[in-house]
Amino acid sequence: MTDKPDKRSLDQVRADIDAIDREIQELISRRAKCAQRVADIKLAEVLAAREAGDATAEVVYYRPEREAQVLHRIMERNQGPLAGETVAHVFREIMSACLALEKPLQVAYLGPEGTFTQAAAIKHFGHAAVCVSQPTIDSVFSQVESGECNYGVVPVENSTEGMVSHTLDNFMDSGLKISGEVEMAITHHLLVAAATSAEDVTRICAHEQALAQCRNWLDQHWPAVPREAVSSNGEAARIAAQSPGVAAIAGDMAAELYGLDKLAQHIEDYADNTTRFLIIGREEVPPSGNDKTSIIVSSRNKPGALYLLLDPFRKAGVSLTRIDTRPSRTEKWAYVFFIEFEGHLQDEKIAAIVSELEEQSILLKPLGSYPQAVL
Ligand SMILES: O=C(O)C(=O)C[C@]1(C(=O)O)C=C[C@@H](O)C=C1
């Protein structure tokens with residue numbers, strides 16, 4: 001049996017916590033000053049490059065490969081009692097704040113507010129990034145292309161609903177690069193305005209994908225209540241906040257944003273429902289040591305075409321993480337494949353595979369190499 005702590009020992013431990021907090025705060029300030037110094041160095045380097053005749057040189061404040069390395073190292077050296085991922089989340093926010101001191105990032109995401117895409121943007125960039133809601137995937141791309149926003153966040157695949165073809169189609173025409181990926185476990189709740197009871201609910205609203213992902217649960221628990229598909233779960237939550245008769249299916253972010261109560265939690269039919277998002281930007285990302293590469297390849301419509309495209313990966317022992325095909329949109333493209341694999345375009349082995357593929361395909365477009373998701 002452990003002794004009940006007395007008042008003095010509680011005070012003592014709190015005094016320890018106060019002293020530790022002071023130290024942590026000092027260290028965070030020192031770290032932030034380092035980030036400011038980093039920003040000065042980056043700016044000086046770009047000014048020197050411009051003076052030397054490189055008119056296109058631009059300061060790149062956000063460095064995804066460096067952030068991934070920092071977060072990996074934090075998780076590796078973690079000794080507990082906090083989980084490695086928990087500590088990494090804290091450092092994610094510290095780096096986010098340090099980067100905002102260098103330059104606040106504008107991040108376009110597929111909105112509206114309260115959707116999982118916004119949650120993905122915050123998970124990846126931290127709370128110091130300025131996240132800007134966009135009505136469509138196209139406008140996320142165009143905001144980044146025009147330089148209005150530094151980066152964009154778009155959904156690319158869902159473990160139960162499959163790939164988001166509109167995102168992949170955008171890559172065919174865009175010069176943007178993938179600079180990162182985020183995975184989000186998607187958990188849905190049944191949400192209502194405060195003080196609404198189950199008996200008051202006469203309609204359930206959600207995006208059609210969310211309605212599909214919760215179909216069995218709804219059939220079992222709410223068979224008689226009409227369901228209505230709306231443009232997003234965030235929109236459903238907004239409606240529920242204004243109309244007590246409406247329940248919304250949405251995630252924690254929407255519940256918090258609109259101050260909704262949970263009538264039921266985790267109502268999705270499949271527990272491991274995950275959505276993957278891509279970060280899009282204008283720069284190529286240097287290797288982090290733990291990277292993925294995405295390419296678009298089109299090949300001639302001849303027997304064994306897919307086999308020929310995949311064989312270089314098999315020979316080099318490189319793991320594919322995804323392969324998808326889209327209907328070709330030009331006459332000469334017979335097939336268009338989206339292929340993702342482990343490694344970086346700057347790795348010799350990967351560069352050799354890509355040049356072998358180039359010989360066999362009508363078109364090969366690298367979409368970028370980027371650090372594998374850490375959190
Ligand atoms: O190392 C850099 O290039 C930094 O700008 C510093 C820092 C950090 O806080 O650690 C901040 C932003 C970058 O995205 C990466 C890392």
# chains A, B, ... in the order shown; residues from 1 in each chain; ligands from 1
call {"tool": "residues_near_ligand", "arguments": {"ligand": "ligand 1", "cutoff": "7 Å", "atoms": "only C-alpha atoms and all ligand atoms", "output": "PDB file with C-alpha atoms, in the first residue's frame"}}
result
ATOM      1  CA  ALA A  35      14.531  29.268 -35.487  1.00  0.00           C
ATOM      2  CA  VAL A  38      17.701  29.870 -39.181  1.00  0.00           C
ATOM      3  CA  ALA A  39      15.299  32.245 -40.952  1.00  0.00           C
ATOM      4  CA  TYR A  61      10.998  28.331 -44.605  1.00  0.00           C
ATOM      5  CA  TYR A  62       9.003  25.123 -44.204  1.00  0.00           C
ATOM      6  CA  ARG A  63      11.245  22.058 -44.416  1.00  0.00           C
ATOM      7  CA  PRO A  64       9.165  18.873 -44.215  1.00  0.00           C
ATOM      8  CA  ARG A  66      13.800  18.293 -41.410  1.00  0.00           C
ATOM      9  CA  GLU A  67      10.539  18.230 -39.423  1.00  0.00           C
ATOM     10  CA  MET A  95       7.990  23.488 -34.321  1.00  0.00           C
ATOM     11  CA  SER A  96       4.769  24.923 -35.720  1.00  0.00           C
ATOM     12  CA  CYS A  98       8.860  28.312 -34.335  1.00  0.00           C
ATOM     13  CA  LEU A  99       8.058  28.181 -38.049  1.00  0.00           C
TER      14      LEU A  99
END
call {"tool": "select_by_dssp", "arguments": {"residues": "stretch 33-166 of chain A", "states": "helix (DSSP H, G or I)", "output": "ChimeraX atom specification"}}
result
/A:33-51,64-77,84-102,116-125,137-145,165-166
call {"tool": "residues_around", "arguments": {"residues": "A:Ile249", "least_positions_apart": "3", "cutoff": "10 Å", "atoms": "only C-alpha atoms", "output": "JSON, numbers by chain"}}
result
{"A": [187, 188, 189, 190, 191, 192, 204, 205, 206, 207, 210, 211, 214, 232, 233, 234, 236, 237, 240, 254, 255, 262, 264, 265, 267, 268]}
call {"tool": "write_last_selection", "arguments": {"atoms": "N, CA and C atoms", "output": "compact mmCIF listing (two decimals), in the first residue's frame"}}
result
# COMPACT_ATOMS: atom_id res chain seq x y z
N THR A 187 -13.31 8.85 -37.08
CA THR A 187 -14.34 8.35 -36.16
C THR A 187 -15.52 9.32 -36.20
N HIS A 188 -16.69 8.74 -36.41
CA HIS A 188 -17.91 9.54 -36.51
C HIS A 188 -18.72 9.46 -35.22
N HIS A 189 -19.36 10.58 -34.91
CA HIS A 189 -20.27 10.62 -33.76
C HIS A 189 -21.63 11.14 -34.24
N LEU A 190 -22.66 10.83 -33.44
CA LEU A 190 -23.98 11.42 -33.74
C LEU A 190 -24.12 12.65 -32.84
N LEU A 191 -24.20 13.81 -33.48
CA LEU A 191 -24.10 15.08 -32.75
C LEU A 191 -25.40 15.88 -32.80
N VAL A 192 -25.70 16.51 -31.67
CA VAL A 192 -26.90 17.37 -31.63
C VAL A 192 -26.58 18.66 -30.89
N ILE A 204 -31.44 13.08 -39.82
CA ILE A 204 -30.00 12.90 -39.61
C ILE A 204 -29.26 13.35 -40.87
N CYS A 205 -28.36 14.30 -40.72
CA CYS A 205 -27.63 14.86 -41.87
C CYS A 205 -26.15 14.48 -41.81
N ALA A 206 -25.55 14.25 -42.99
CA ALA A 206 -24.11 13.99 -43.08
C ALA A 206 -23.72 13.97 -44.55
N HIS A 207 -22.42 14.00 -44.81
CA HIS A 207 -21.95 13.76 -46.18
C HIS A 207 -22.30 12.33 -46.55
N ALA A 210 -20.13 9.59 -45.17
CA ALA A 210 -20.30 9.31 -43.74
C ALA A 210 -21.57 8.49 -43.51
N LEU A 211 -22.64 8.83 -44.26
CA LEU A 211 -23.88 8.05 -44.12
C LEU A 211 -23.61 6.59 -44.50
N CYS A 214 -21.65 4.62 -41.87
CA CYS A 214 -22.37 4.34 -40.62
C CYS A 214 -23.69 3.62 -40.89
N SER A 232 -21.02 18.31 -46.75
CA SER A 232 -19.89 17.86 -45.92
C SER A 232 -20.42 17.60 -44.52
N ASN A 233 -19.62 16.89 -43.73
CA ASN A 233 -20.01 16.68 -42.33
C ASN A 233 -19.95 17.99 -41.54
N GLY A 234 -19.01 18.88 -41.94
CA GLY A 234 -18.93 20.18 -41.28
C GLY A 234 -20.23 20.96 -41.48
N ALA A 236 -23.15 19.59 -42.08
CA ALA A 236 -24.19 18.90 -41.29
C ALA A 236 -24.14 19.40 -39.84
N ALA A 237 -22.92 19.55 -39.31
CA ALA A 237 -22.78 20.00 -37.92
C ALA A 237 -23.29 21.44 -37.76
N ALA A 240 -27.00 21.25 -37.64
CA ALA A 240 -27.46 20.70 -36.35
C ALA A 240 -27.38 21.75 -35.24
N ALA A 254 -15.69 19.00 -35.58
CA ALA A 254 -16.97 19.68 -35.82
C ALA A 254 -17.75 19.81 -34.52
N ALA A 255 -17.70 18.78 -33.67
CA ALA A 255 -18.41 18.83 -32.38
C ALA A 255 -17.91 20.01 -31.56
N LYS A 262 -22.65 14.83 -27.93
CA LYS A 262 -22.61 13.54 -28.60
C LYS A 262 -23.74 12.65 -28.08
N ALA A 264 -24.20 9.69 -29.52
CA ALA A 264 -23.53 8.39 -29.57
C ALA A 264 -22.14 8.61 -30.17
N GLN A 265 -21.18 7.80 -29.71
CA GLN A 265 -19.79 7.98 -30.18
C GLN A 265 -19.34 6.78 -31.00
N ILE A 267 -19.61 5.65 -34.22
CA ILE A 267 -20.74 4.93 -34.81
C ILE A 267 -20.39 4.36 -36.19
N GLU A 268 -19.12 4.48 -36.62
CA GLU A 268 -18.76 3.94 -37.94
C GLU A 268 -18.80 2.42 -37.90
call {"tool": "closest_residue", "arguments": {"among": "A:Ser197, A:Ser133, A:Asn158, A:Gln360", "to": "A:Leu308", "atoms": "only C-alpha atoms"}}
result
A:Gln360
call {"tool": "closest_residue", "arguments": {"among": "A:Trp222, A:Tyr370, A:Trp217, A:Phe116", "to": "A:Glu283", "atoms": "only C-alpha atoms"}}
result
A:Tyr370
call {"tool": "residues_around", "arguments": {"residues": "A:Leu110", "least_positions_apart": "4", "cutoff": "10 Å", "atoms": "only C-alpha atoms", "output": "PDB file with N, CA and C atoms, in the first residue's frame"}}
result
ATOM      1  N   THR A 115     -14.178  19.860 -40.854  1.00  0.00           N
ATOM      2  CA  THR A 115     -14.059  18.579 -41.562  1.00  0.00           C
ATOM      3  C   THR A 115     -12.748  17.889 -41.179  1.00  0.00           C
ATOM      4  N   PHE A 116     -12.656  16.619 -41.572  1.00  0.00           N
ATOM      5  CA  PHE A 116     -11.435  15.876 -41.271  1.00  0.00           C
ATOM      6  C   PHE A 116     -10.243  16.448 -42.036  1.00  0.00           C
ATOM      7  N   THR A 117     -10.498  17.099 -43.177  1.00  0.00           N
ATOM      8  CA  THR A 117      -9.363  17.683 -43.921  1.00  0.00           C
ATOM      9  C   THR A 117      -8.750  18.825 -43.111  1.00  0.00           C
ATOM     10  N   GLN A 118      -9.572  19.593 -42.422  1.00  0.00           N
ATOM     11  CA  GLN A 118      -9.014  20.646 -41.561  1.00  0.00           C
ATOM     12  C   GLN A 118      -8.222  20.012 -40.407  1.00  0.00           C
ATOM     13  N   ALA A 121      -4.933  19.015 -41.721  1.00  0.00           N
ATOM     14  CA  ALA A 121      -4.034  20.169 -41.909  1.00  0.00           C
ATOM     15  C   ALA A 121      -3.386  20.541 -40.581  1.00  0.00           C
ATOM     16  N   VAL A 132      -6.819  27.855 -44.396  1.00  0.00           N
ATOM     17  CA  VAL A 132      -7.815  28.608 -45.160  1.00  0.00           C
ATOM     18  C   VAL A 132      -8.746  27.626 -45.872  1.00  0.00           C
ATOM     19  N   SER A 133     -10.026  27.680 -45.518  1.00  0.00           N
ATOM     20  CA  SER A 133     -11.000  26.742 -46.087  1.00  0.00           C
ATOM     21  C   SER A 133     -11.267  27.047 -47.564  1.00  0.00           C
ATOM     22  N   GLN A 134     -11.337  26.004 -48.384  1.00  0.00           N
ATOM     23  CA  GLN A 134     -11.654  26.154 -49.813  1.00  0.00           C
ATOM     24  C   GLN A 134     -12.869  25.306 -50.159  1.00  0.00           C
ATOM     25  N   PRO A 135     -13.686  25.770 -51.119  1.00  0.00           N
ATOM     26  CA  PRO A 135     -14.914  25.020 -51.407  1.00  0.00           C
ATOM     27  C   PRO A 135     -14.694  23.733 -52.213  1.00  0.00           C
ATOM     28  N   THR A 136     -13.612  23.652 -52.983  1.00  0.00           N
ATOM     29  CA  THR A 136     -13.411  22.478 -53.839  1.00  0.00           C
ATOM     30  C   THR A 136     -11.939  22.055 -53.847  1.00  0.00           C
ATOM     31  N   ILE A 137     -11.717  20.822 -54.311  1.00  0.00           N
ATOM     32  CA  ILE A 137     -10.332  20.340 -54.461  1.00  0.00           C
ATOM     33  C   ILE A 137      -9.611  21.193 -55.510  1.00  0.00           C
ATOM     34  N   ASP A 138     -10.315  21.549 -56.589  1.00  0.00           N
ATOM     35  CA  ASP A 138      -9.719  22.405 -57.633  1.00  0.00           C
ATOM     36  C   ASP A 138      -9.206  23.716 -57.046  1.00  0.00           C
ATOM     37  N   SER A 139      -9.996  24.308 -56.146  1.00  0.00           N
ATOM     38  CA  SER A 139      -9.568  25.618 -55.630  1.00  0.00           C
ATOM     39  C   SER A 139      -8.417  25.469 -54.640  1.00  0.00           C
ATOM     40  N   VAL A 140      -8.287  24.308 -53.981  1.00  0.00           N
ATOM     41  CA  VAL A 140      -7.097  24.089 -53.145  1.00  0.00           C
ATOM     42  C   VAL A 140      -5.864  24.108 -54.057  1.00  0.00           C
ATOM     43  N   PHE A 141      -5.948  23.390 -55.179  1.00  0.00           N
ATOM     44  CA  PHE A 141      -4.818  23.379 -56.123  1.00  0.00           C
ATOM     45  C   PHE A 141      -4.527  24.792 -56.635  1.00  0.00           C
ATOM     46  N   GLY A 152      -1.250  23.095 -49.650  1.00  0.00           N
ATOM     47  CA  GLY A 152      -2.649  22.689 -49.684  1.00  0.00           C
ATOM     48  C   GLY A 152      -2.793  21.291 -49.099  1.00  0.00           C
ATOM     49  N   VAL A 153      -3.989  20.981 -48.611  1.00  0.00           N
ATOM     50  CA  VAL A 153      -4.259  19.643 -48.068  1.00  0.00           C
ATOM     51  C   VAL A 153      -5.511  19.090 -48.740  1.00  0.00           C
ATOM     52  N   VAL A 154      -5.351  17.928 -49.385  1.00  0.00           N
ATOM     53  CA  VAL A 154      -6.484  17.308 -50.095  1.00  0.00           C
ATOM     54  C   VAL A 154      -6.568  15.830 -49.732  1.00  0.00           C
ATOM     55  N   PRO A 155      -7.815  15.286 -49.658  1.00  0.00           N
ATOM     56  CA  PRO A 155      -7.932  13.851 -49.381  1.00  0.00           C
ATOM     57  C   PRO A 155      -7.546  13.063 -50.620  1.00  0.00           C
TER      58      PRO A 155
END
call {"tool": "residues_around", "arguments": {"residues": "A:Met184", "least_positions_apart": "5", "cutoff": "9 Å", "atoms": "only C-alpha atoms", "output": "list in words"}}
result
Phe116, Thr117, Ala119, Ala120, Lys123, Asn273, Thr274, Thr275, Arg276 and Phe277 of chain A
call {"tool": "write_last_selection", "arguments": {"atoms": "C-alpha atoms", "output": "PDB file, in the first residue's frame"}}
result
ATOM      1  CA  PHE A 116     -11.435  15.876 -41.271  1.00  0.00           C
ATOM      2  CA  THR A 117      -9.363  17.683 -43.921  1.00  0.00           C
ATOM      3  CA  ALA A 119      -8.074  18.254 -38.764  1.00  0.00           C
ATOM      4  CA  ALA A 120      -5.476  16.705 -41.126  1.00  0.00           C
ATOM      5  CA  LYS A 123      -2.201  17.449 -37.482  1.00  0.00           C
ATOM      6  CA  ASN A 273     -11.698   3.596 -41.124  1.00  0.00           C
ATOM      7  CA  THR A 274      -8.762   5.777 -42.212  1.00  0.00           C
ATOM      8  CA  THR A 275      -8.424   8.623 -44.700  1.00  0.00           C
ATOM      9  CA  ARG A 276      -5.105   9.602 -46.215  1.00  0.00           C
ATOM     10  CA  PHE A 277      -4.429  13.199 -47.220  1.00  0.00           C
TER      11      PHE A 277
END
call {"tool": "closest_residue", "arguments": {"among": "A:Gly317, A:Gly180, A:Gly114, A:Gly84", "to": "A:Ile353", "atoms": "only C-alpha atoms"}}
result
A:Gly317
call {"tool": "residues_around", "arguments": {"residues": "A:Asp173", "least_positions_apart": "6", "cutoff": "12 Å", "atoms": "only C-alpha atoms", "output": "list in words"}}
result
Asp138, Phe141, Ser142, Glu145, His166, Thr167, Ile296, Arg329, Thr330, Lys365 and Leu367 of chain A
call {"tool": "write_last_selection", "arguments": {"atoms": "N, CA and C atoms", "output": "compact mmCIF listing (two decimals), in the first residue's frame"}}
result
# COMPACT_ATOMS: atom_id res chain seq x y z
N ASP A 138 -10.32 21.55 -56.59
CA ASP A 138 -9.72 22.41 -57.63
C ASP A 138 -9.21 23.72 -57.05
N PHE A 141 -5.95 23.39 -55.18
CA PHE A 141 -4.82 23.38 -56.12
C PHE A 141 -4.53 24.79 -56.63
N SER A 142 -5.58 25.53 -57.03
CA SER A 142 -5.31 26.83 -57.66
C SER A 142 -4.77 27.85 -56.65
N GLU A 145 -1.13 26.98 -56.54
CA GLU A 145 -0.49 27.31 -57.83
C GLU A 145 -0.25 28.82 -57.95
N HIS A 166 -10.90 12.76 -57.92
CA HIS A 166 -10.77 14.16 -58.32
C HIS A 166 -9.39 14.72 -57.95
N THR A 167 -8.86 14.28 -56.84
CA THR A 167 -7.52 14.72 -56.44
C THR A 167 -6.50 14.19 -57.44
N ILE A 296 3.05 9.51 -61.93
CA ILE A 296 2.00 9.14 -62.89
C ILE A 296 2.73 8.54 -64.09
N ARG A 329 -7.40 10.66 -70.40
CA ARG A 329 -8.23 11.79 -70.83
C ARG A 329 -7.74 12.36 -72.15
N THR A 330 -6.68 11.79 -72.69
CA THR A 330 -6.26 12.21 -74.02
C THR A 330 -6.21 10.97 -74.89
N LYS A 365 5.42 11.24 -65.15
CA LYS A 365 5.43 12.53 -64.45
C LYS A 365 5.67 12.28 -62.96
N LEU A 367 5.45 13.10 -59.25
CA LEU A 367 4.63 14.03 -58.46
C LEU A 367 5.35 14.47 -57.20
call {"tool": "closest_residue", "arguments": {"among": "A:Ala229, A:Leu101, A:Ile280, A:Leu47", "to": "A:Val156", "atoms": "only C-alpha atoms"}}
result
A:Ile280
call {"tool": "residues_around", "arguments": {"residues": "stretch 103-105 of chain A", "least_positions_apart": "3", "cutoff": "6 Å", "atoms": "only C-alpha atoms", "output": "list of chain:residue names"}}
result
A:Ala100, A:Ala129, A:Val130
call {"tool": "write_last_selection", "arguments": {"atoms": "N, CA and C atoms", "output": "tab-separated table (two decimals), in the first residue's frame"}}
result
chain	number	residue	atom	x	y	z
A	100	ALA	N	6.18	29.63	-37.45
A	100	ALA	CA	5.35	30.83	-37.60
A	100	ALA	C	6.16	32.09	-37.27
A	129	ALA	N	-0.15	27.29	-38.04
A	129	ALA	CA	-0.39	27.55	-39.47
A	129	ALA	C	-1.76	28.20	-39.62
A	130	VAL	N	-1.86	29.08	-40.62
A	130	VAL	CA	-3.16	29.72	-40.90
A	130	VAL	C	-3.88	28.85	-41.93
call {"tool": "select_by_dssp", "arguments": {"residues": "stretch 185-324 of chain A", "states": "strand (DSSP E or B)", "output": "PyMOL selection string"}}
result
chain A and resi 185+189-192+203-206+227-229+246-250+261-264+274-281+291-299+320-324
